[in-house]
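Content type compact mmCIF, C-alpha atoms and all ligand atoms, from the file work-v4.txt:
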```
# COMPACT_ATOMS: atom_id res chain seq x y z
CA MET A 11 0.00 0.00 0.00
CA ASP A 12 1.32 3.39 -0.97
CA PRO A 13 0.09 6.22 1.27
CA LYS A 14 1.85 8.88 -0.78
CA PRO A 15 -1.05 10.33 -2.78
CA LYS A 16 -3.10 10.87 0.32
CA ASP A 17 -0.15 12.42 2.12
CA ALA A 18 0.53 14.76 -0.77
CA HIS A 19 -3.10 15.77 -0.88
CA ASN A 20 -3.14 16.23 2.86
CA GLU A 21 0.01 18.26 2.76
CA SER A 22 -1.28 20.73 0.20
CA LEU A 23 -4.57 20.98 2.06
CA LEU A 24 -2.72 21.74 5.28
CA LYS A 25 -0.73 24.40 3.47
CA LEU A 26 -3.93 25.99 2.19
CA PHE A 27 -5.46 25.77 5.65
CA LYS A 28 -2.48 27.53 7.24
CA SER A 29 -2.59 30.32 4.70
CA ILE A 30 -6.30 30.90 5.32
CA ALA A 31 -6.30 30.44 9.07
CA GLY A 32 -3.28 32.55 9.95
CA PRO A 33 -1.45 32.32 13.28
CA ASP A 34 -4.42 31.08 15.34
CA MET A 35 -4.62 27.98 13.11
CA GLU A 36 -8.39 28.13 12.99
CA VAL A 37 -10.71 29.36 10.27
CA ASP A 38 -13.48 31.74 11.34
CA TRP A 39 -16.52 32.58 9.22
CA MET A 40 -14.89 35.64 7.65
CA GLU A 41 -11.86 33.67 6.59
CA LEU A 42 -14.16 30.99 5.24
CA LYS A 43 -16.10 33.60 3.27
CA ARG A 44 -12.91 35.00 1.80
CA ILE A 45 -11.73 31.62 0.52
CA LEU A 46 -15.16 30.55 -0.75
CA ASP A 47 -15.73 33.88 -2.50
CA HIS A 48 -12.33 33.58 -4.10
CA SER A 49 -12.49 29.96 -5.18
CA MET A 50 -16.18 29.65 -6.02
CA LYS A 51 -17.26 32.99 -7.36
CA ASP A 52 -18.12 31.43 -10.72
CA ASP A 53 -20.42 28.92 -9.06
CA LEU A 54 -22.72 31.61 -7.71
CA PRO A 55 -25.54 33.16 -9.75
CA LYS A 56 -25.21 36.70 -10.99
CA THR A 57 -27.54 39.43 -9.69
CA THR A 58 -31.13 38.45 -10.27
CA SER A 59 -34.20 40.66 -10.50
CA TYR A 60 -37.73 39.55 -9.80
CA THR A 61 -40.88 41.27 -11.02
CA PRO A 62 -42.91 42.53 -8.06
CA LEU A 63 -45.99 40.50 -7.25
CA ASN A 64 -49.23 42.12 -8.57
CA TYR A 65 -47.10 44.30 -10.74
CA SER A 66 -48.92 45.98 -13.60
CA GLN A 67 -46.51 46.39 -16.47
CA GLN A 68 -48.56 48.97 -18.41
CA ASN A 69 -48.52 51.26 -15.40
CA ALA A 70 -44.80 50.95 -15.03
CA ASP A 71 -43.54 54.20 -13.64
CA TYR A 72 -40.64 53.89 -11.34
CA GLY A 73 -41.41 57.20 -9.66
CA GLY A 74 -37.86 58.56 -9.68
CA PRO A 75 -34.61 57.12 -8.49
CA ALA A 76 -34.89 58.27 -4.87
CA GLN A 77 -37.95 56.20 -4.14
CA GLY A 78 -36.77 53.35 -6.27
CA SER A 79 -33.51 53.01 -4.46
CA GLU A 80 -35.28 52.81 -1.13
CA GLY A 81 -37.43 50.00 -2.42
CA GLY A 82 -40.38 51.47 -0.51
CA GLY A 83 -38.58 50.86 2.77
CA LEU A 84 -39.02 54.41 4.06
CA ASN A 85 -42.75 54.34 3.37
CA ILE A 86 -43.17 51.21 5.40
CA LEU A 87 -41.06 52.72 8.17
CA ALA A 88 -43.21 55.84 8.09
CA LEU A 89 -46.32 53.73 8.40
CA LEU A 90 -44.93 51.75 11.31
CA CYS A 91 -42.91 54.40 13.10
CA GLY A 92 -44.80 57.59 12.33
CA PRO A 93 -47.22 57.37 15.27
CA PHE A 94 -44.44 56.44 17.69
CA CYS A 95 -42.18 59.27 16.58
CA LYS A 96 -44.69 62.09 17.05
CA GLY A 97 -43.07 64.81 19.14
CA THR A 98 -39.58 63.32 18.80
CA PRO A 99 -36.72 64.61 16.61
CA PHE A 100 -37.44 61.70 14.24
CA GLU A 101 -40.88 62.98 13.39
CA SER A 102 -39.63 65.17 10.55
CA ILE A 103 -37.87 62.25 8.86
CA PHE A 104 -41.09 60.33 8.53
CA SER A 105 -43.33 63.28 7.73
CA GLU A 106 -40.98 64.25 4.87
CA SER A 107 -41.24 60.84 3.35
CA ASN A 108 -45.01 61.01 3.73
CA GLU A 109 -45.16 64.23 1.73
CA GLN A 110 -43.33 62.59 -1.14
CA SER A 111 -45.71 59.68 -1.27
CA PRO A 112 -49.05 60.13 0.42
CA GLY A 113 -50.97 57.05 1.44
CA ASN A 114 -52.50 55.84 -1.79
CA ALA A 115 -50.01 57.32 -4.27
CA ASN A 116 -48.68 53.91 -5.09
CA GLN A 117 -51.99 52.67 -6.36
CA THR A 118 -53.27 53.56 -9.83
CA LYS A 119 -56.89 53.88 -10.90
CA ALA A 120 -56.68 50.49 -12.52
CA GLY A 121 -55.55 48.98 -9.26
CA GLY A 122 -52.04 48.34 -10.53
CA TYR A 123 -49.02 49.41 -8.49
CA ILE A 124 -46.65 52.09 -9.59
CA GLY A 125 -43.40 53.22 -8.10
CA LEU A 126 -42.33 49.67 -7.43
CA PRO A 127 -39.12 48.66 -9.17
CA PRO A 128 -38.32 44.98 -9.67
CA VAL A 129 -36.93 43.31 -6.58
CA ILE A 130 -33.19 43.11 -7.07
CA VAL A 131 -31.45 40.44 -5.08
CA GLU A 132 -27.75 41.07 -4.90
CA GLU A 133 -26.15 37.72 -5.43
CA ASN A 134 -22.77 38.90 -6.60
CA ASN A 135 -21.35 39.77 -3.21
CA GLY A 136 -20.24 36.21 -2.82
CA PHE A 137 -21.43 33.84 -0.15
CA SER A 138 -23.75 35.37 2.40
CA LYS A 139 -22.54 36.08 5.90
CA ASP A 140 -25.22 33.77 7.21
CA VAL A 141 -24.25 30.80 5.06
CA CYS A 142 -20.61 31.16 6.11
CA ARG A 143 -21.51 31.47 9.77
CA SER A 144 -23.78 28.46 9.59
CA MET A 145 -21.19 26.35 7.84
CA VAL A 146 -18.67 27.15 10.57
CA ALA A 147 -21.20 26.56 13.37
CA MET A 148 -22.32 23.24 12.01
CA MET A 149 -18.86 21.82 11.40
CA ASP A 150 -17.45 23.23 14.65
CA VAL A 151 -17.53 19.98 16.62
CA ASP A 152 -15.46 21.26 19.55
CA GLN A 153 -17.45 24.51 19.66
CA SER A 154 -14.41 26.77 19.54
CA GLY A 155 -16.27 29.18 17.25
CA LYS A 156 -13.85 28.43 14.41
CA LEU A 157 -12.78 25.47 12.32
CA GLY A 158 -9.64 23.54 13.12
CA PHE A 159 -7.89 21.60 10.36
CA GLU A 160 -9.97 18.43 10.63
CA GLU A 161 -13.23 20.36 10.78
CA PHE A 162 -12.16 22.45 7.80
CA GLU A 163 -11.13 19.34 5.86
CA ALA A 164 -14.52 17.74 6.55
CA LEU A 165 -16.31 20.88 5.34
CA LEU A 166 -14.26 21.06 2.13
CA ASN A 167 -14.98 17.40 1.40
CA ASP A 168 -18.69 18.02 1.82
CA ILE A 169 -18.61 21.16 -0.30
CA ALA A 170 -16.74 19.32 -3.07
CA LYS A 171 -19.33 16.53 -3.02
CA TRP A 172 -22.30 18.93 -3.03
CA LYS A 173 -20.77 21.06 -5.73
CA ALA A 174 -20.47 17.99 -7.96
CA VAL A 175 -24.12 17.11 -7.25
CA PHE A 176 -25.29 20.67 -7.94
CA LYS A 177 -23.49 20.70 -11.29
CA LEU A 178 -25.35 17.57 -12.34
CA TYR A 179 -28.63 19.47 -12.07
CA ASP A 180 -27.29 22.78 -13.37
CA PRO A 181 -25.57 21.64 -16.57
CA GLU A 182 -25.57 25.14 -18.05
CA GLN A 183 -23.84 26.49 -14.96
CA THR A 184 -26.30 29.27 -14.20
CA GLY A 185 -25.59 28.94 -10.47
CA ARG A 186 -29.21 28.02 -9.81
CA ILE A 187 -31.30 24.86 -10.00
CA ASP A 188 -35.06 24.43 -10.27
CA GLY A 189 -36.78 23.76 -6.96
CA PHE A 190 -38.38 20.61 -8.35
CA LYS A 191 -34.90 19.19 -8.91
CA LEU A 192 -34.11 19.55 -5.21
CA ARG A 193 -35.38 16.05 -4.44
CA ASP A 194 -33.13 14.45 -7.07
CA ALA A 195 -30.18 16.57 -6.06
CA LEU A 196 -30.54 15.67 -2.39
CA ASN A 197 -31.07 12.01 -3.30
CA SER A 198 -27.83 12.14 -5.25
CA ALA A 199 -26.15 13.56 -2.16
CA GLY A 200 -27.50 10.59 -0.18
CA TYR A 201 -30.43 12.27 1.59
CA HIS A 202 -33.88 10.78 1.08
CA LEU A 203 -36.48 13.13 2.50
CA ASN A 204 -40.26 13.08 2.48
CA ASN A 205 -42.45 15.54 0.55
CA ARG A 206 -43.27 17.71 3.53
CA ILE A 207 -39.59 18.27 4.27
CA LEU A 208 -38.81 18.91 0.60
CA ASN A 209 -41.63 21.46 0.41
CA ALA A 210 -40.37 23.21 3.50
CA LEU A 211 -36.84 23.32 2.07
CA ALA A 212 -38.09 24.71 -1.25
CA HIS A 213 -39.94 27.48 0.61
CA ARG A 214 -36.99 28.19 2.85
CA TYR A 215 -34.26 28.21 0.22
CA GLY A 216 -36.07 28.97 -3.03
CA SER A 217 -36.42 32.37 -4.64
CA ARG A 218 -39.66 33.80 -5.95
CA ASP A 219 -39.24 32.01 -9.28
CA GLY A 220 -38.68 28.70 -7.52
CA LYS A 221 -34.94 28.45 -8.14
CA ILE A 222 -32.31 27.54 -5.60
CA SER A 223 -28.89 29.11 -5.84
CA PHE A 224 -25.64 27.29 -5.18
CA ASP A 225 -24.89 28.84 -1.79
CA ASP A 226 -28.44 28.18 -0.61
CA PHE A 227 -28.16 24.59 -1.77
CA LEU A 228 -24.93 24.25 0.20
CA MET A 229 -26.60 25.68 3.28
CA CYS A 230 -29.54 23.34 2.86
CA ALA A 231 -27.24 20.33 2.54
CA VAL A 232 -25.07 21.34 5.52
CA LYS A 233 -28.17 21.74 7.63
CA ILE A 234 -29.66 18.39 6.68
CA ARG A 235 -26.36 16.66 7.28
CA THR A 236 -25.89 18.29 10.67
CA TYR A 237 -29.38 17.54 11.95
CA ILE A 238 -29.17 13.93 10.79
CA ASP A 239 -25.81 13.61 12.56
CA ILE A 240 -27.23 15.06 15.77
CA PHE A 241 -30.07 12.58 15.65
CA LYS A 242 -27.91 9.58 14.81
CA GLN A 243 -25.56 10.25 17.70
CA ARG A 244 -28.49 9.51 19.98
CA ASP A 245 -30.11 6.79 17.89
CA THR A 246 -27.32 4.36 18.68
CA GLU A 247 -29.41 1.25 18.06
CA ASN A 248 -30.62 2.51 14.71
CA LYS A 249 -34.27 2.40 15.73
CA ASP A 250 -35.22 5.77 14.26
CA VAL A 251 -35.81 7.04 17.78
CA ALA A 252 -33.65 9.46 19.75
CA THR A 253 -34.26 11.02 23.15
CA PHE A 254 -33.22 14.54 24.16
CA SER A 255 -34.10 16.75 27.09
CA MET A 256 -35.20 20.21 25.98
CA ASP A 257 -31.91 21.72 27.15
CA GLU A 258 -29.95 19.14 25.21
CA TRP A 259 -32.01 19.70 22.08
CA ILE A 260 -31.57 23.46 22.22
CA GLU A 261 -27.87 23.13 22.94
CA LYS A 262 -27.39 20.80 19.98
CA THR A 263 -29.36 22.83 17.48
CA ILE A 264 -29.05 26.49 18.47
CA TYR A 265 -25.49 26.91 17.23
CA SER A 266 -26.22 26.24 13.59
CA CA A 301 -13.48 24.39 16.16
```
Please lay out the structure from this file as structure tokens.
Amino acid sequence: MDPKPKDAHNESLLKLFKSIAGPDMEVDWMELKRILDHSMKDDLPKTTSYTPLNYSQQNADYGGPAQGSEGGGLNILALLCGPFCKGTPFESIFSESNEQSPGNANQTKAGGYIGLPPVIVEENNGFSKDVCRSMVAMMDVDQSGKLGFEEFEALLNDIAKWKAVFKLYDPEQTGRIDGFKLRDALNSAGYHLNNRILNALAHRYGSRDGKISFDDFLMCAVKIRTYIDIFKQRDTENKDVATFSMDEWIEKTIYS
């Protein structure tokens, strides 16, 4: 038996790990984001825009860049905060925004909505903070808050496997797969889940047009893997039954 190939692979992985981790020899979520953004930027979808729900195309009038760039956020704030801010220095902020767009200004005679630009979801800033944090939390067996070499190696192995699976169902490399392919993709990754779970995952990780992007798929897979592992640690006799106290359950799942 010749252990060389594995050693060589291990050696280069250790080198990579050291360069990412720095002197503390552990990878935190920001370091993970940096390396994932760098090495997988082509696997992520580009910026995507979604047409607003109930959007009436013939009434399309974006109502000027100022409103558009706020995405209606200030109006909602005014609605929610206006009454609470009466008599405070913040009152003027909300009353100004009210003047620009009084109550029903967004609704046309035909009942269509104006002043609503398409929803733009920025997907070109790399992996989300949340995905990176979750990946660290879920692989962080010793709960140090960061990934040591073995934890990092395990994560990279999983990512490599899931990336290969994702590519199978995204042959044109758009960075997104159809939600209805999620079952097949997860089956290929070795996870056989019932319809209720698959539906929940499609709602949780899908976008408005029912697509699931690569980083969301990774998150979904990490989560499934982690929760199955937590369960199996307690289901030692393989009976599909595990027992936790509430404290234990919260402790096992909260850092995820
Ligand atoms: Ca750790």
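Remark: for ligand CA 301 (chain A), the closest of the candidate residues A:Gly158, A:Gly200, A:Gly220, A:Pro181 is A:Gly158 (distances computed over all atoms listed in the file).
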Hey, what's within 8 Å of region 23-29 of chain A if we count only C-alpha atoms and toss same-chain stuff fewer than 3 positions away? As a list in words, please?
-> His19, Asn20, Gly32, Pro33, Met35, Val37, Phe159, Phe162 and Glu163 of chain A
Sorted by chain and rising residue number, list the residues of chain A at most 12 Å from ligand CA 301 (chain A) (counting all atoms listed in the file), each with its closest atom pair and distance in Å to one decimal, as CSV.
```
residue,atom,partner,partner_atom,distance
A:Ala31,CA,A:CA301,CA,11.8
A:Asp34,CA,A:CA301,CA,11.3
A:Met35,CA,A:CA301,CA,10.0
A:Glu36,CA,A:CA301,CA,7.1
A:Val37,CA,A:CA301,CA,8.2
A:Asp38,CA,A:CA301,CA,8.8
A:Trp39,CA,A:CA301,CA,11.2
A:Met145,CA,A:CA301,CA,11.5
A:Val146,CA,A:CA301,CA,8.1
A:Ala147,CA,A:CA301,CA,8.5
A:Met148,CA,A:CA301,CA,9.8
A:Met149,CA,A:CA301,CA,7.6
A:Asp150,CA,A:CA301,CA,4.4
A:Val151,CA,A:CA301,CA,6.0
A:Asp152,CA,A:CA301,CA,5.0
A:Gln153,CA,A:CA301,CA,5.3
A:Ser154,CA,A:CA301,CA,4.2
A:Gly155,CA,A:CA301,CA,5.6
A:Lys156,CA,A:CA301,CA,4.4
A:Leu157,CA,A:CA301,CA,4.0
A:Gly158,CA,A:CA301,CA,5.0
A:Phe159,CA,A:CA301,CA,8.5
A:Glu160,CA,A:CA301,CA,8.9
A:Glu161,CA,A:CA301,CA,6.7
A:Phe162,CA,A:CA301,CA,8.7
A:Glu163,CA,A:CA301,CA,11.7
A:Ala164,CA,A:CA301,CA,11.7
A:Leu165,CA,A:CA301,CA,11.7
```
Counting only C-alpha atoms, the residue among A:Ser223, A:Ser22, A:Thr236, A:Ser255 that lies closest to Thr184 (chain A) is A:Ser223
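The shortest atom-to-atom distance to Asp47 (chain A), with only C-alpha atoms taken into account, belongs to A:Phe137 out of A:Tyr179, A:Phe241, A:Phe137, A:Trp259.
Coordinates place CA of Leu42 (chain A) at a distance of 20.0 Å from CA of Ile234 (chain A).
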